[in-house]
Amino acid sequence: MLSACVAERARYGIGMETKQLILGTHNVHKGKELAEMLAPHGVAVATLAKFPEAIVPVEDGKSFAENAQIKAIAQAKHLHQWVLADDSGIAIDALKGAPGIDSAHFAGDARDDEANNRLVLEKLADVPPERRGAKYICHVVLANPTGQVVAEATGFCKGRIVDPPRGANGFGYDPLFEIREYHKTFGELGPAVKRTLSHRSRALRKILPEVLRALG
């Protein structure tokens with residue numbers, strides 16, 4: 001049994017001691033959300049806020065998956081730590097999938113949530129409610145301290161865009177994103193419900209077995 005355990009951990013390039021997991025994001029809201037999801041599983045988590053030497057990789061990928069890989073690999077190699085990074089955003093049907101990977105800076109480089117939301121509503125001004133379908137997308141990547149990708153997963157959450165914005169919970173496009181079954185936006189739903197339904201939680205649930213196996 002012990003030999004099997006050692007062999008399994010050797011496959012991931014780690015020793016027998018428990019490793020710390022770094023959440024590869026400078027987004028405070030996202031880091032808090034990921035940390036809360038991992039907490040019940042006993043994973044030792046730290047955010048980039050604890051690493052002043054952390055870098056800000058250039059996210060020049062063409063997809064959520066490519067950008068998540070860029071962030072995880074670059075940060076893991078730089079910090080020599082296990083890193084879980086994600087790239088996420090919203091894709092709106094009537095906007096042909098936009099803002100997509102440009103979700104964080106849809107209205108400009110300032111990454112202003114309110115400005116992004118206003119721009120979305122302006123572009124959807126003449127679109128009826130039944131054609132305002134949208135989905136949140138999240139791709140997560142786990143990289144070991146050498147920068148090798150160990151696991152990755154994608155999660156989706158479908159809904160629609162409403163106007164005006166509703167609710168003060170969450171961040172990003174949450175006040176606009178309504179879950180049809182609940183008739184409420186992520187901005188109105190509490191964090192416990194969001195942790196169950198969100199694109200990020202779904203991606204994390206998929207990758208979690210690999211995270212726990214890798215970190216021991």
# chains A, B, ... in the order shown; residues from 1 in each chain; ligands from 1
call {"tool": "residues_around", "arguments": {"residues": "range 148-164 of chain A", "least_positions_apart": "3", "cutoff": "8 Å", "atoms": "only C-alpha atoms", "output": "ChimeraX atom specification"}}
result
/A:12,69,72-73,121,129,132-145,176-180,197-204,206-207,210-211
call {"tool": "residues_around", "arguments": {"residues": "Gly31 in chain A", "least_positions_apart": "2", "cutoff": "10 Å", "atoms": "only C-alpha atoms", "output": "short mmCIF file (atom, residue, chain, number, x, y, z; two decimals) with C-alpha atoms, in the first residue's frame"}}
result
data_model
loop_
_atom_site.label_atom_id
_atom_site.label_comp_id
_atom_site.auth_asym_id
_atom_site.auth_seq_id
_atom_site.Cartn_x
_atom_site.Cartn_y
_atom_site.Cartn_z
CA ILE A 22 -0.88 29.15 -4.38
CA LEU A 23 -3.93 30.69 -6.02
CA GLY A 24 -2.48 32.39 -9.09
CA THR A 25 -4.60 35.54 -9.15
CA HIS A 26 -4.27 39.18 -8.16
CA ASN A 27 -8.08 39.49 -8.11
CA VAL A 28 -9.05 39.74 -4.43
CA HIS A 29 -12.66 38.62 -5.02
CA GLU A 33 -13.96 32.69 -3.66
CA LEU A 34 -11.44 29.97 -4.55
CA ALA A 35 -10.02 29.86 -1.02
CA GLU A 36 -13.49 29.39 0.47
CA VAL A 45 -3.96 27.89 0.49
CA ALA A 46 -2.19 31.23 -0.02
CA THR A 47 -2.94 34.00 -2.51
CA LEU A 48 -0.50 36.10 -4.50
CA ALA A 49 -1.05 38.89 -1.98
CA ALA A 85 -4.68 29.52 -11.79
#
call {"tool": "closest_residue", "arguments": {"among": "A:Ala98, A:Ala74, A:Ala65, A:Ala192", "to": "Val120 in chain A", "atoms": "only C-alpha atoms"}}
result
A:Ala98
call {"tool": "select_by_dssp", "arguments": {"residues": "range 17-202 of chain A", "states": "alpha helix (DSSP H)", "output": "PyMOL selection string"}}
result
chain A and resi 28-38+64-79+113-123+191-197+199-202
call {"tool": "closest_residue", "arguments": {"among": "A:Pro128, A:Glu53, A:Tyr173, A:Ala39", "to": "Phe106 in chain A", "atoms": "only C-alpha atoms"}}
result
A:Tyr173
call {"tool": "atom_distance", "arguments": {"atom1": "CA of Glu181 in chain A", "atom2": "CA of Pro99 in chain A"}}
result
23.9 Å
call {"tool": "closest_residue", "arguments": {"among": "A:His78, A:His41, A:Pro165, A:Thr185", "to": "Pro209 in chain A", "atoms": "only C-alpha atoms"}}
result
A:His41
call {"tool": "closest_residue", "arguments": {"among": "A:Asp87, A:Asp109, A:Glu59, A:Glu188", "to": "Lys30 in chain A", "atoms": "only C-alpha atoms"}}
result
A:Asp87
call {"tool": "closest_residue", "arguments": {"among": "A:Ala104, A:Lys50, A:Gly147, A:Lys19", "to": "Ile70 in chain A", "atoms": "only C-alpha atoms"}}
result
A:Gly147
call {"tool": "closest_residue", "arguments": {"among": "A:Ile101, A:Ile90, A:Arg166, A:Val83", "to": "Asn67 in chain A", "atoms": "only C-alpha atoms"}}
result
A:Ile101
call {"tool": "select_by_dssp", "arguments": {"residues": "range 83-180 of chain A", "states": "strand (DSSP E or B)", "output": "ChimeraX atom specification"}}
result
/A:83-92,99,133-143,149-161,177-179
call {"tool": "write_last_selection", "arguments": {"atoms": "N, CA and C atoms", "output": "compact mmCIF listing (two decimals), in the first residue's frame"}}
result
# COMPACT_ATOMS: atom_id res chain seq x y z
N VAL A 83 0.80 25.92 -8.12
CA VAL A 83 -0.09 27.04 -8.43
C VAL A 83 -1.35 26.55 -9.12
N LEU A 84 -2.48 27.05 -8.63
CA LEU A 84 -3.77 26.82 -9.28
C LEU A 84 -4.22 28.16 -9.83
N ALA A 85 -4.28 28.26 -11.15
CA ALA A 85 -4.68 29.52 -11.79
C ALA A 85 -5.92 29.28 -12.64
N ASP A 86 -6.70 30.34 -12.81
CA ASP A 86 -7.87 30.21 -13.67
C ASP A 86 -7.97 31.41 -14.58
N ASP A 87 -8.72 31.23 -15.64
CA ASP A 87 -9.13 32.35 -16.48
C ASP A 87 -10.61 32.18 -16.71
N SER A 88 -11.33 33.26 -16.55
CA SER A 88 -12.79 33.14 -16.62
C SER A 88 -13.39 34.42 -17.19
N GLY A 89 -14.65 34.30 -17.58
CA GLY A 89 -15.35 35.46 -18.13
C GLY A 89 -16.74 35.06 -18.57
N ILE A 90 -17.37 35.96 -19.28
CA ILE A 90 -18.74 35.75 -19.70
C ILE A 90 -18.84 35.81 -21.22
N ALA A 91 -19.64 34.94 -21.79
CA ALA A 91 -19.88 34.91 -23.23
C ALA A 91 -21.37 35.14 -23.47
N ILE A 92 -21.70 36.17 -24.21
CA ILE A 92 -23.10 36.56 -24.44
C ILE A 92 -23.50 36.20 -25.86
N PRO A 99 -18.14 39.43 -24.11
CA PRO A 99 -16.73 39.85 -24.14
C PRO A 99 -15.71 38.72 -24.07
N GLY A 133 -29.36 35.33 -23.85
CA GLY A 133 -28.69 34.19 -23.24
C GLY A 133 -27.20 34.43 -23.07
N ALA A 134 -26.63 33.89 -22.00
CA ALA A 134 -25.21 34.06 -21.73
C ALA A 134 -24.70 32.90 -20.90
N LYS A 135 -23.40 32.76 -20.84
CA LYS A 135 -22.83 31.74 -19.96
C LYS A 135 -21.50 32.24 -19.41
N TYR A 136 -21.29 31.95 -18.14
CA TYR A 136 -20.00 32.16 -17.51
C TYR A 136 -19.13 30.94 -17.82
N ILE A 137 -17.84 31.18 -18.06
CA ILE A 137 -16.89 30.13 -18.37
C ILE A 137 -15.68 30.27 -17.47
N CYS A 138 -15.18 29.16 -16.95
CA CYS A 138 -13.96 29.17 -16.14
C CYS A 138 -13.10 27.97 -16.52
N HIS A 139 -11.83 28.23 -16.76
CA HIS A 139 -10.87 27.16 -17.00
C HIS A 139 -9.81 27.24 -15.92
N VAL A 140 -9.57 26.14 -15.21
CA VAL A 140 -8.56 26.10 -14.14
C VAL A 140 -7.42 25.17 -14.51
N VAL A 141 -6.22 25.55 -14.08
CA VAL A 141 -5.01 24.78 -14.39
C VAL A 141 -4.18 24.63 -13.13
N LEU A 142 -3.72 23.43 -12.86
CA LEU A 142 -2.82 23.15 -11.75
C LEU A 142 -1.43 22.87 -12.31
N ALA A 143 -0.44 23.64 -11.85
CA ALA A 143 0.95 23.44 -12.29
C ALA A 143 1.84 23.16 -11.09
N VAL A 149 2.14 21.33 -16.27
CA VAL A 149 0.70 21.27 -16.05
C VAL A 149 0.33 19.85 -15.63
N VAL A 150 -0.26 19.74 -14.44
CA VAL A 150 -0.63 18.44 -13.88
C VAL A 150 -2.09 18.11 -14.16
N ALA A 151 -2.95 19.14 -14.16
CA ALA A 151 -4.38 18.91 -14.40
C ALA A 151 -5.03 20.21 -14.84
N GLU A 152 -6.15 20.09 -15.53
CA GLU A 152 -6.95 21.25 -15.91
C GLU A 152 -8.40 20.83 -16.13
N ALA A 153 -9.29 21.81 -16.01
CA ALA A 153 -10.73 21.52 -16.14
C ALA A 153 -11.47 22.80 -16.50
N THR A 154 -12.66 22.61 -17.09
CA THR A 154 -13.49 23.75 -17.48
C THR A 154 -14.87 23.61 -16.86
N GLY A 155 -15.42 24.72 -16.41
CA GLY A 155 -16.77 24.75 -15.86
C GLY A 155 -17.61 25.83 -16.53
N PHE A 156 -18.91 25.57 -16.66
CA PHE A 156 -19.83 26.51 -17.29
C PHE A 156 -21.03 26.76 -16.38
N CYS A 157 -21.62 27.93 -16.52
CA CYS A 157 -22.88 28.23 -15.84
C CYS A 157 -23.72 29.07 -16.79
N LYS A 158 -24.90 28.57 -17.14
CA LYS A 158 -25.75 29.27 -18.12
C LYS A 158 -26.80 30.14 -17.43
N GLY A 159 -27.09 31.26 -18.09
CA GLY A 159 -28.09 32.18 -17.57
C GLY A 159 -28.49 33.17 -18.64
N ARG A 160 -28.86 34.38 -18.22
CA ARG A 160 -29.18 35.43 -19.18
C ARG A 160 -28.86 36.79 -18.57
N ILE A 161 -28.75 37.79 -19.43
CA ILE A 161 -28.42 39.15 -19.00
C ILE A 161 -29.72 39.92 -18.75
N PHE A 177 -26.17 38.90 -14.36
CA PHE A 177 -26.28 37.50 -14.76
C PHE A 177 -27.35 36.78 -13.93
N GLU A 178 -28.47 36.51 -14.57
CA GLU A 178 -29.60 35.86 -13.89
C GLU A 178 -29.60 34.36 -14.13
N ILE A 179 -29.75 33.61 -13.06
CA ILE A 179 -29.95 32.16 -13.16
C ILE A 179 -31.45 31.96 -13.36
call {"tool": "residues_around", "arguments": {"residues": "Leu189 in chain A", "least_positions_apart": "5", "cutoff": "10 Å", "atoms": "only C-alpha atoms", "output": "tab-separated table (two decimals) with C-alpha atoms, in the first residue's frame"}}
result
chain	number	residue	atom	x	y	z
A	166	ARG	CA	-29.78	43.60	-9.46
A	167	GLY	CA	-28.02	42.80	-6.20
A	168	ALA	CA	-24.80	43.82	-4.49
A	169	ASN	CA	-23.19	40.39	-3.98
A	170	GLY	CA	-20.44	38.95	-6.11
A	174	ASP	CA	-22.82	39.12	-11.36
A	175	PRO	CA	-25.52	41.86	-11.00
A	178	GLU	CA	-29.60	35.86	-13.89
A	179	ILE	CA	-29.95	32.16	-13.16
A	182	TYR	CA	-33.93	31.00	-9.47
A	183	HIS	CA	-35.14	34.20	-11.18
A	184	LYS	CA	-32.28	35.92	-9.38
A	194	LYS	CA	-23.07	30.82	-5.90
call {"tool": "atom_distance", "arguments": {"atom1": "CA of His80 in chain A", "atom2": "CA of Glu66 in chain A"}}
result
20.6 Å
call {"tool": "decode", "arguments": {"residues": "range 151-213 of chain A", "atoms": "C-alpha atoms", "output": "PDB file, in the first residue's frame"}}
result
ATOM      1  CA  ALA A 151      -4.379  18.906 -14.397  1.00  0.00           C
ATOM      2  CA  GLU A 152      -6.950  21.246 -15.910  1.00  0.00           C
ATOM      3  CA  ALA A 153     -10.728  21.520 -16.138  1.00  0.00           C
ATOM      4  CA  THR A 154     -13.492  23.747 -17.484  1.00  0.00           C
ATOM      5  CA  GLY A 155     -16.775  24.754 -15.861  1.00  0.00           C
ATOM      6  CA  PHE A 156     -19.834  26.513 -17.292  1.00  0.00           C
ATOM      7  CA  CYS A 157     -22.880  28.227 -15.841  1.00  0.00           C
ATOM      8  CA  LYS A 158     -25.752  29.267 -18.118  1.00  0.00           C
ATOM      9  CA  GLY A 159     -28.092  32.177 -17.572  1.00  0.00           C
ATOM     10  CA  ARG A 160     -29.183  35.429 -19.183  1.00  0.00           C
ATOM     11  CA  ILE A 161     -28.424  39.148 -19.004  1.00  0.00           C
ATOM     12  CA  VAL A 162     -30.991  41.335 -17.234  1.00  0.00           C
ATOM     13  CA  ASP A 163     -31.494  45.084 -17.120  1.00  0.00           C
ATOM     14  CA  PRO A 164     -31.275  46.887 -14.741  1.00  0.00           C
ATOM     15  CA  PRO A 165     -28.525  45.275 -12.621  1.00  0.00           C
ATOM     16  CA  ARG A 166     -29.778  43.597  -9.459  1.00  0.00           C
ATOM     17  CA  GLY A 167     -28.015  42.802  -6.198  1.00  0.00           C
ATOM     18  CA  ALA A 168     -24.798  43.824  -4.493  1.00  0.00           C
ATOM     19  CA  ASN A 169     -23.193  40.392  -3.977  1.00  0.00           C
ATOM     20  CA  GLY A 170     -20.438  38.949  -6.107  1.00  0.00           C
ATOM     21  CA  PHE A 171     -18.311  40.900  -8.575  1.00  0.00           C
ATOM     22  CA  GLY A 172     -17.829  41.428 -12.302  1.00  0.00           C
ATOM     23  CA  TYR A 173     -21.005  40.810 -14.270  1.00  0.00           C
ATOM     24  CA  ASP A 174     -22.822  39.122 -11.359  1.00  0.00           C
ATOM     25  CA  PRO A 175     -25.520  41.859 -10.995  1.00  0.00           C
ATOM     26  CA  LEU A 176     -26.475  41.290 -14.660  1.00  0.00           C
ATOM     27  CA  PHE A 177     -26.280  37.502 -14.759  1.00  0.00           C
ATOM     28  CA  GLU A 178     -29.596  35.864 -13.888  1.00  0.00           C
ATOM     29  CA  ILE A 179     -29.955  32.162 -13.161  1.00  0.00           C
ATOM     30  CA  ARG A 180     -33.253  31.375 -14.869  1.00  0.00           C
ATOM     31  CA  GLU A 181     -34.291  28.645 -12.437  1.00  0.00           C
ATOM     32  CA  TYR A 182     -33.930  30.996  -9.471  1.00  0.00           C
ATOM     33  CA  HIS A 183     -35.144  34.204 -11.183  1.00  0.00           C
ATOM     34  CA  LYS A 184     -32.280  35.918  -9.383  1.00  0.00           C
ATOM     35  CA  THR A 185     -28.889  37.249 -10.415  1.00  0.00           C
ATOM     36  CA  PHE A 186     -25.600  36.174  -8.863  1.00  0.00           C
ATOM     37  CA  GLY A 187     -25.668  39.639  -7.345  1.00  0.00           C
ATOM     38  CA  GLU A 188     -28.846  38.692  -5.465  1.00  0.00           C
ATOM     39  CA  LEU A 189     -27.946  35.120  -4.570  1.00  0.00           C
ATOM     40  CA  GLY A 190     -25.814  34.540  -1.491  1.00  0.00           C
ATOM     41  CA  PRO A 191     -22.241  33.230  -1.654  1.00  0.00           C
ATOM     42  CA  ALA A 192     -23.280  29.723  -0.546  1.00  0.00           C
ATOM     43  CA  VAL A 193     -25.628  29.351  -3.534  1.00  0.00           C
ATOM     44  CA  LYS A 194     -23.067  30.823  -5.896  1.00  0.00           C
ATOM     45  CA  ARG A 195     -20.418  28.361  -4.664  1.00  0.00           C
ATOM     46  CA  THR A 196     -22.780  25.576  -5.695  1.00  0.00           C
ATOM     47  CA  LEU A 197     -23.800  26.898  -9.110  1.00  0.00           C
ATOM     48  CA  SER A 198     -20.969  29.027 -10.435  1.00  0.00           C
ATOM     49  CA  HIS A 199     -18.692  28.239 -13.343  1.00  0.00           C
ATOM     50  CA  ARG A 200     -15.701  28.517 -11.017  1.00  0.00           C
ATOM     51  CA  SER A 201     -17.088  26.042  -8.498  1.00  0.00           C
ATOM     52  CA  ARG A 202     -17.949  23.568 -11.246  1.00  0.00           C
ATOM     53  CA  ALA A 203     -14.447  23.755 -12.693  1.00  0.00           C
ATOM     54  CA  LEU A 204     -12.946  23.381  -9.233  1.00  0.00           C
ATOM     55  CA  ARG A 205     -15.070  20.335  -8.423  1.00  0.00           C
ATOM     56  CA  LYS A 206     -13.757  18.677 -11.585  1.00  0.00           C
ATOM     57  CA  ILE A 207     -10.098  19.355 -10.818  1.00  0.00           C
ATOM     58  CA  LEU A 208     -10.287  18.888  -7.036  1.00  0.00           C
ATOM     59  CA  PRO A 209      -9.488  15.134  -7.004  1.00  0.00           C
ATOM     60  CA  GLU A 210      -6.266  15.857  -8.921  1.00  0.00           C
ATOM     61  CA  VAL A 211      -5.405  18.748  -6.584  1.00  0.00           C
ATOM     62  CA  LEU A 212      -5.869  16.603  -3.489  1.00  0.00           C
ATOM     63  CA  ARG A 213      -3.947  13.707  -5.007  1.00  0.00           C
TER      64      ARG A 213
END
